[in-house]
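This is final32.cif (mmCIF, C-alpha atoms).
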```cif
data_entry
loop_
_atom_site.label_atom_id
_atom_site.label_comp_id
_atom_site.auth_asym_id
_atom_site.auth_seq_id
_atom_site.Cartn_x
_atom_site.Cartn_y
_atom_site.Cartn_z
CA LYS A 1480 0.00 0.00 0.00
CA GLN A 1481 1.29 3.44 -0.97
CA GLU A 1482 2.40 5.66 1.90
CA VAL A 1483 3.20 9.34 1.50
CA THR A 1484 5.25 11.19 4.10
CA GLN A 1485 5.93 14.88 4.46
CA ILE A 1486 8.66 16.02 6.83
CA PRO A 1487 8.78 18.36 8.67
CA ALA A 1488 5.18 18.73 9.80
CA ALA A 1489 5.78 22.43 10.44
CA LEU A 1490 8.36 24.95 9.25
CA SER A 1491 8.93 28.60 10.12
CA VAL A 1492 11.23 30.82 8.04
CA PRO A 1493 11.96 34.56 7.73
CA GLU A 1494 10.62 36.44 4.74
CA GLY A 1495 12.84 36.33 1.65
CA GLU A 1496 14.34 32.95 2.36
CA ASN A 1497 14.38 30.21 -0.27
CA LEU A 1498 13.00 26.95 1.08
CA VAL A 1499 12.39 23.32 0.18
CA LEU A 1500 9.47 21.13 1.23
CA ASN A 1501 9.86 17.38 1.04
CA CYS A 1502 7.53 14.57 0.02
CA SER A 1503 8.47 10.89 0.00
CA PHE A 1504 6.47 7.91 -1.21
CA THR A 1505 7.00 4.18 -0.80
CA ASP A 1506 5.79 2.81 -4.17
CA SER A 1507 7.54 4.23 -7.24
CA ALA A 1508 4.82 3.00 -9.62
CA ILE A 1509 3.13 6.37 -9.83
CA TYR A 1510 1.19 8.02 -12.65
CA ASN A 1511 1.75 11.55 -11.43
CA LEU A 1512 2.32 13.64 -8.32
CA GLN A 1513 0.51 16.81 -7.37
CA TRP A 1514 1.36 19.59 -4.92
CA PHE A 1515 -1.44 21.52 -3.23
CA ARG A 1516 -1.75 24.53 -0.98
CA GLN A 1517 -4.38 24.73 1.77
CA ASP A 1518 -5.23 27.89 3.69
CA PRO A 1519 -6.92 27.50 7.11
CA GLY A 1520 -10.53 26.41 6.82
CA LYS A 1521 -10.36 26.25 3.02
CA GLY A 1522 -10.16 23.62 0.32
CA LEU A 1523 -7.01 22.61 -1.52
CA THR A 1524 -5.61 24.63 -4.40
CA SER A 1525 -3.55 22.81 -6.99
CA LEU A 1526 -0.06 24.27 -7.42
CA LEU A 1527 1.84 21.91 -9.68
CA LEU A 1528 1.24 18.54 -11.33
CA ILE A 1529 4.20 16.42 -12.41
CA GLN A 1530 3.62 13.47 -14.71
CA SER A 1531 5.72 10.36 -14.08
CA SER A 1532 7.74 11.02 -17.26
CA GLN A 1533 8.71 14.52 -16.11
CA ARG A 1534 11.50 15.58 -13.78
CA GLU A 1535 10.19 19.00 -12.79
CA GLN A 1536 7.52 21.64 -13.21
CA THR A 1537 7.73 25.37 -12.60
CA SER A 1538 5.14 28.04 -11.91
CA GLY A 1539 6.34 31.49 -10.92
CA ARG A 1540 8.38 31.20 -7.71
CA LEU A 1541 7.52 27.54 -7.33
CA ASN A 1542 9.48 24.60 -8.69
CA ALA A 1543 8.58 20.98 -8.05
CA SER A 1544 10.90 18.07 -8.82
CA LEU A 1545 10.25 14.36 -9.02
CA ASP A 1546 12.68 11.45 -8.57
CA LYS A 1547 10.66 8.26 -8.93
CA SER A 1548 13.57 5.92 -8.36
CA SER A 1549 14.21 7.34 -4.90
CA GLY A 1550 10.53 7.94 -4.14
CA ARG A 1551 10.96 11.66 -3.53
CA SER A 1552 9.57 14.99 -4.62
CA THR A 1553 10.52 18.47 -3.50
CA LEU A 1554 8.70 21.78 -3.72
CA TYR A 1555 11.09 24.73 -3.92
CA ILE A 1556 9.74 28.16 -3.01
CA ALA A 1557 11.95 31.08 -3.97
CA ALA A 1558 12.03 34.39 -2.11
CA SER A 1559 9.31 33.41 0.36
CA GLN A 1560 6.62 35.93 1.36
CA PRO A 1561 4.20 36.06 4.32
CA GLY A 1562 1.41 35.28 1.83
CA ASP A 1563 3.03 31.90 1.22
CA SER A 1564 2.06 30.86 4.76
CA ALA A 1565 -0.22 27.84 4.41
CA THR A 1566 -0.18 24.06 4.60
CA TYR A 1567 1.39 22.35 1.60
CA LEU A 1568 0.30 18.82 0.72
CA CYS A 1569 1.56 16.39 -1.85
CA ALA A 1570 -0.46 13.54 -3.35
CA VAL A 1571 0.52 10.66 -5.61
CA ARG A 1572 -1.68 8.96 -8.18
CA PRO A 1573 -0.73 5.33 -8.86
CA THR A 1574 -0.55 3.57 -12.18
CA GLY A 1575 -3.23 1.00 -12.97
CA SER A 1576 -7.01 1.14 -13.06
CA ALA A 1577 -7.65 2.33 -9.49
CA ARG A 1578 -5.97 5.68 -9.76
CA GLN A 1579 -7.05 7.19 -6.49
CA LEU A 1580 -4.68 9.67 -4.89
CA THR A 1581 -2.81 9.05 -1.67
CA PHE A 1582 -2.14 12.23 0.31
CA GLY A 1583 0.61 13.19 2.70
CA SER A 1584 -0.29 14.90 5.99
CA GLY A 1585 1.20 18.19 4.85
CA THR A 1586 3.82 20.70 5.97
CA GLN A 1587 2.51 23.81 7.71
CA LEU A 1588 4.65 26.73 6.52
CA THR A 1589 4.87 30.06 8.32
CA VAL A 1590 6.78 32.89 6.67
CA LEU A 1591 7.62 35.58 9.21
CA PRO A 1592 7.63 39.24 8.11
CA ASP B 478 -15.90 30.98 -13.50
CA GLY B 479 -15.69 27.19 -13.40
CA GLY B 480 -15.39 25.55 -10.04
CA ILE B 481 -16.77 23.36 -7.30
CA THR B 482 -19.36 24.64 -4.83
CA GLN B 483 -19.87 22.98 -1.49
CA SER B 484 -22.68 23.95 0.83
CA PRO B 485 -23.18 24.75 3.56
CA LYS B 486 -19.80 25.93 4.85
CA TYR B 487 -20.68 25.02 8.45
CA LEU B 488 -23.19 22.39 9.56
CA PHE B 489 -24.28 21.45 13.06
CA ARG B 490 -26.31 18.35 13.85
CA LYS B 491 -27.39 16.33 16.82
CA GLU B 492 -26.13 12.80 17.23
CA GLY B 493 -28.41 10.25 15.57
CA GLN B 494 -29.49 12.51 12.71
CA ASN B 495 -28.58 11.97 9.08
CA VAL B 496 -27.18 14.97 7.23
CA THR B 497 -26.51 15.61 3.54
CA LEU B 498 -23.62 17.69 2.22
CA SER B 499 -23.96 19.27 -1.20
CA CYS B 500 -21.32 19.33 -3.95
CA GLU B 501 -21.88 20.86 -7.39
CA GLN B 502 -19.32 21.35 -10.17
CA ASN B 503 -19.44 23.16 -13.51
CA LEU B 504 -16.07 21.98 -14.77
CA ASN B 505 -17.61 19.25 -16.95
CA HIS B 506 -15.58 16.65 -15.06
CA ASP B 507 -16.69 13.04 -15.13
CA ALA B 508 -14.99 12.01 -11.88
CA MET B 509 -16.00 13.31 -8.45
CA TYR B 510 -14.68 12.48 -4.99
CA TRP B 511 -15.46 12.94 -1.32
CA TYR B 512 -12.63 13.21 1.20
CA ARG B 513 -12.57 13.58 4.94
CA GLN B 514 -9.86 15.63 6.67
CA ASP B 515 -9.08 15.38 10.38
CA PRO B 516 -6.50 17.51 12.22
CA GLY B 517 -2.94 16.29 11.65
CA GLN B 518 -4.01 13.67 9.12
CA GLY B 519 -3.94 13.49 5.37
CA LEU B 520 -7.10 13.37 3.32
CA ARG B 521 -8.95 10.06 3.37
CA LEU B 522 -11.18 8.97 0.50
CA ILE B 523 -14.81 8.24 1.38
CA TYR B 524 -16.47 7.63 -2.01
CA TYR B 525 -15.75 8.36 -5.63
CA SER B 526 -17.68 8.31 -8.88
CA GLN B 527 -16.26 8.14 -12.40
CA ILE B 528 -19.56 8.32 -14.26
CA VAL B 529 -23.20 9.16 -13.67
CA ASN B 530 -25.19 6.48 -11.80
CA ASP B 531 -22.02 4.68 -10.66
CA PHE B 532 -19.84 5.10 -7.58
CA GLN B 533 -17.33 3.12 -5.54
CA LYS B 534 -16.37 2.95 -1.89
CA GLY B 535 -13.14 4.52 -0.81
CA ASP B 536 -11.04 3.71 2.23
CA ILE B 537 -13.54 4.87 4.88
CA ALA B 538 -17.04 4.45 3.37
CA GLU B 539 -18.73 2.96 6.44
CA GLY B 540 -21.48 5.23 7.74
CA TYR B 541 -21.65 7.30 4.54
CA SER B 542 -23.73 7.13 1.37
CA VAL B 543 -23.67 8.98 -1.96
CA SER B 544 -25.64 9.34 -5.18
CA ARG B 545 -24.65 10.48 -8.68
CA GLU B 546 -27.84 11.19 -10.60
CA LYS B 547 -26.35 14.12 -12.52
CA LYS B 548 -22.86 14.75 -13.82
CA GLU B 549 -22.70 18.05 -11.96
CA SER B 550 -23.79 16.81 -8.55
CA PHE B 551 -22.39 14.35 -6.00
CA PRO B 552 -24.11 14.73 -2.59
CA LEU B 553 -22.77 12.94 0.49
CA THR B 554 -25.02 11.73 3.31
CA VAL B 555 -23.46 11.22 6.72
CA THR B 556 -25.65 8.68 8.47
CA SER B 557 -26.18 8.00 12.14
CA ALA B 558 -24.07 4.86 11.68
CA GLN B 559 -20.90 6.95 11.29
CA LYS B 560 -19.17 6.68 14.67
CA ASN B 561 -17.17 9.89 14.54
CA PRO B 562 -18.73 12.24 11.98
CA THR B 563 -17.29 15.54 13.18
CA ALA B 564 -14.73 16.51 10.52
CA PHE B 565 -13.94 18.73 7.55
CA TYR B 566 -15.39 17.29 4.33
CA LEU B 567 -13.93 18.10 0.94
CA CYS B 568 -15.39 17.43 -2.49
CA ALA B 569 -13.18 17.22 -5.56
CA SER B 570 -13.43 16.56 -9.28
CA SER B 571 -11.15 15.67 -12.16
CA SER B 572 -11.08 14.20 -15.63
CA THR B 573 -11.20 10.41 -15.67
CA THR B 574 -7.84 10.15 -17.43
CA GLY B 575 -6.07 11.30 -14.28
CA LYS B 576 -3.71 13.44 -16.33
CA SER B 577 -5.19 16.73 -15.19
CA PRO B 578 -5.13 18.25 -11.71
CA LEU B 579 -7.66 17.44 -9.02
CA HIS B 580 -9.87 20.44 -8.20
CA PHE B 581 -11.36 20.97 -4.76
CA GLY B 582 -14.30 22.84 -3.27
CA ASN B 583 -13.93 24.97 -0.14
CA GLY B 584 -15.21 22.28 2.17
CA THR B 585 -17.97 21.78 4.73
CA ARG B 586 -17.16 21.63 8.41
CA LEU B 587 -19.58 19.28 10.12
CA THR B 588 -19.99 19.28 13.89
CA VAL B 589 -22.11 16.61 15.53
CA THR B 590 -22.92 16.93 19.23
#
```

Starting from the file, give its structure as structure tokens.
Amino acid sequence: KQEVTQIPAALSVPEGENLVLNCSFTDSAIYNLQWFRQDPGKGLTSLLLIQSSQREQTSGRLNASLDKSSGRSTLYIAASQPGDSATYLCAVRPTGSARQLTFGSGTQLTVLP
Amino acid sequence: DGGITQSPKYLFRKEGQNVTLSCEQNLNHDAMYWYRQDPGQGLRLIYYSQIVNDFQKGDIAEGYSVSREKKESFPLTVTSAQKNPTAFYLCASSSTTGKSPLHFGNGTRLTVT
């Protein structure tokens, strides 16, 4: 059974710092991996989707990488801002017919002004 | 604007009562999902549907029921059989290919006392 782990559970950084969030998964047979942002009391907003054939995806100050062989993905946030404060979750979709996502528990990021 | 609408945002019920959560989407997605989120835990799949008039149980379906009579709508009923119904419920939709991102509504927070 696929397990997705995000460490650390919480992270606090000063404004302007570049940072990396980690996501690891136990089964490398994935179809794609998705990073989400969740603000308190809200739903999830999709940030980046990486297909299994891709190594990275970029959107603005965000860059997500995928290394299937090691079962790891990272989300790089450049020049962090207080508005980036949120919980970041990753989710993997397996290959095969039952392609239901498995979610990590998230990393709660606080960017201090 | 295309999106997913969940209502109500907050719901309070007495123990022993059934309650139905609404989810409507105008993204023309075939697949729809219900997740439950508890503090400190990742999202857990309750039910999903890949086509009208068909749905499958997820990892934690006991005490819940759904219907999919229209493509746009996927209501979730929390029955009195659900042992611990207080939680944040999230509805999502996607294409059935799995190649595109999963889109979420803003959630319904259910409190049962």

Residue members of the PyMOL selection byres ((chain B) within 6 of (chain A)) in the file shown, as a PDB file with C-alpha atoms, in the coordinates of the input:
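Produced file out-v6.pdb, reproduced below:
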```pdb
ATOM      1  CA  GLN B 518      -4.010  13.670   9.120  1.00  0.00           C
ATOM      2  CA  GLY B 519      -3.940  13.490   5.370  1.00  0.00           C
ATOM      3  CA  LEU B 520      -7.100  13.370   3.320  1.00  0.00           C
ATOM      4  CA  PHE B 581     -11.360  20.970  -4.760  1.00  0.00           C
ATOM      5  CA  GLY B 582     -14.300  22.840  -3.270  1.00  0.00           C
ATOM      6  CA  ASN B 583     -13.930  24.970  -0.140  1.00  0.00           C
ATOM      7  CA  GLY B 584     -15.210  22.280   2.170  1.00  0.00           C
TER       8      GLY B 584
END
```

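Distance annotation: of B:Arg521, B:His506, B:Lys486, B:Lys547, the residue with the minimal separation from Gly535 in chain B is B:Arg521; atom set is only C-alpha atoms.
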
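The nearest approach to Gly575 in chain B among the residues A:Lys1480, A:Ala1558, A:Ser1532, A:Val1571, with all atoms listed in the file taken into account, belongs to A:Val1571.
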
| Atomic separation - CA of Gln483 in chain B relative to CA of Tyr1567 in chain A, Å | 21.5 Å

| said: At a cut-off of 9 Å, using all atoms listed in the file, what residues contact Asn505 in chain B? Leave out same-chain residues fewer than 4 positions from it and give the result as a VMD selection string. | reply: chain B and resid 479 548 to 549 571 to 572

| message | As a check of understanding, name the residues that the PyMOL selection byres ((chain A and resi 1554) around 6) selects in the supplied structure, as a ChimeraX atom specification. | response | /A:1499-1500,1542-1543,1553,1555

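The space separating CA of Ser1549 in chain A from CA of Gln1485 in chain A comes to 14.6 Å.
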
| field | All residues 7 Å or closer to Ser526 in chain B, all atoms listed in the file, same chain fewer than 3 positions away omitted, as a PyMOL selection string | value | chain B and resi 508-510+531-533

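Residue nearest Pro516 in chain B within the list B:Leu587, B:Ala558, B:Ala564, B:Ala569: B:Ala564 [criterion: smallest interatomic distance, only C-alpha atoms].
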
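Within the file as shown, the PyMOL selection byres ((chain A and resi 1535) around 6) identifies Gln1533, Arg1534, Gln1536, Ala1543, Ser1544 and Leu1545 of chain A.
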
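Nearest residue to Gln514 in chain B, choosing from B:Phe551, B:Tyr487, B:Tyr541, B:Phe565 and counting all atoms listed in the file: B:Phe565.
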
| query | In Å, how far is it from CA of Val543 in chain B to CA of Lys491 in chain B? | reply | 20.5 Å

| task | Name all residues at most 12 Å from Gly1562 in chain A (count all atoms listed in the file; drop same-chain ones fewer than 4 positions away) and give them as a PyMOL selection string. | result | chain A and resi 1494-1495+1516+1518+1556+1558+1566+1588-1592

| Contacts of Thr588 in chain B at 12 Å or less, counting only C-alpha atoms, minus same-chain residues fewer than 3 places along, as a ChimeraX atom specification? | /B:486-492,494,496,555,561-566,585

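You can rank B:Ile537, B:Asp507, B:Ile528, B:Ser550 by their closest distance to Cys568 in chain B using all atoms listed in the file, and at the top of that list sits B:Ser550.
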
| task | Measuring atom to atom with only C-alpha atoms, identify which of A:Ala1565, A:Ile1486, A:Val1492, A:Ala1557 is nearest to Phe1504 in chain A. | result | A:Ile1486

| task | Name all residues at most 8 Å from Asn530 in chain B (count all atoms listed in the file; drop same-chain ones fewer than 3 positions away) and give them as a list in words. | result | Ser544, Arg545, Glu546 and Lys547 of chain B
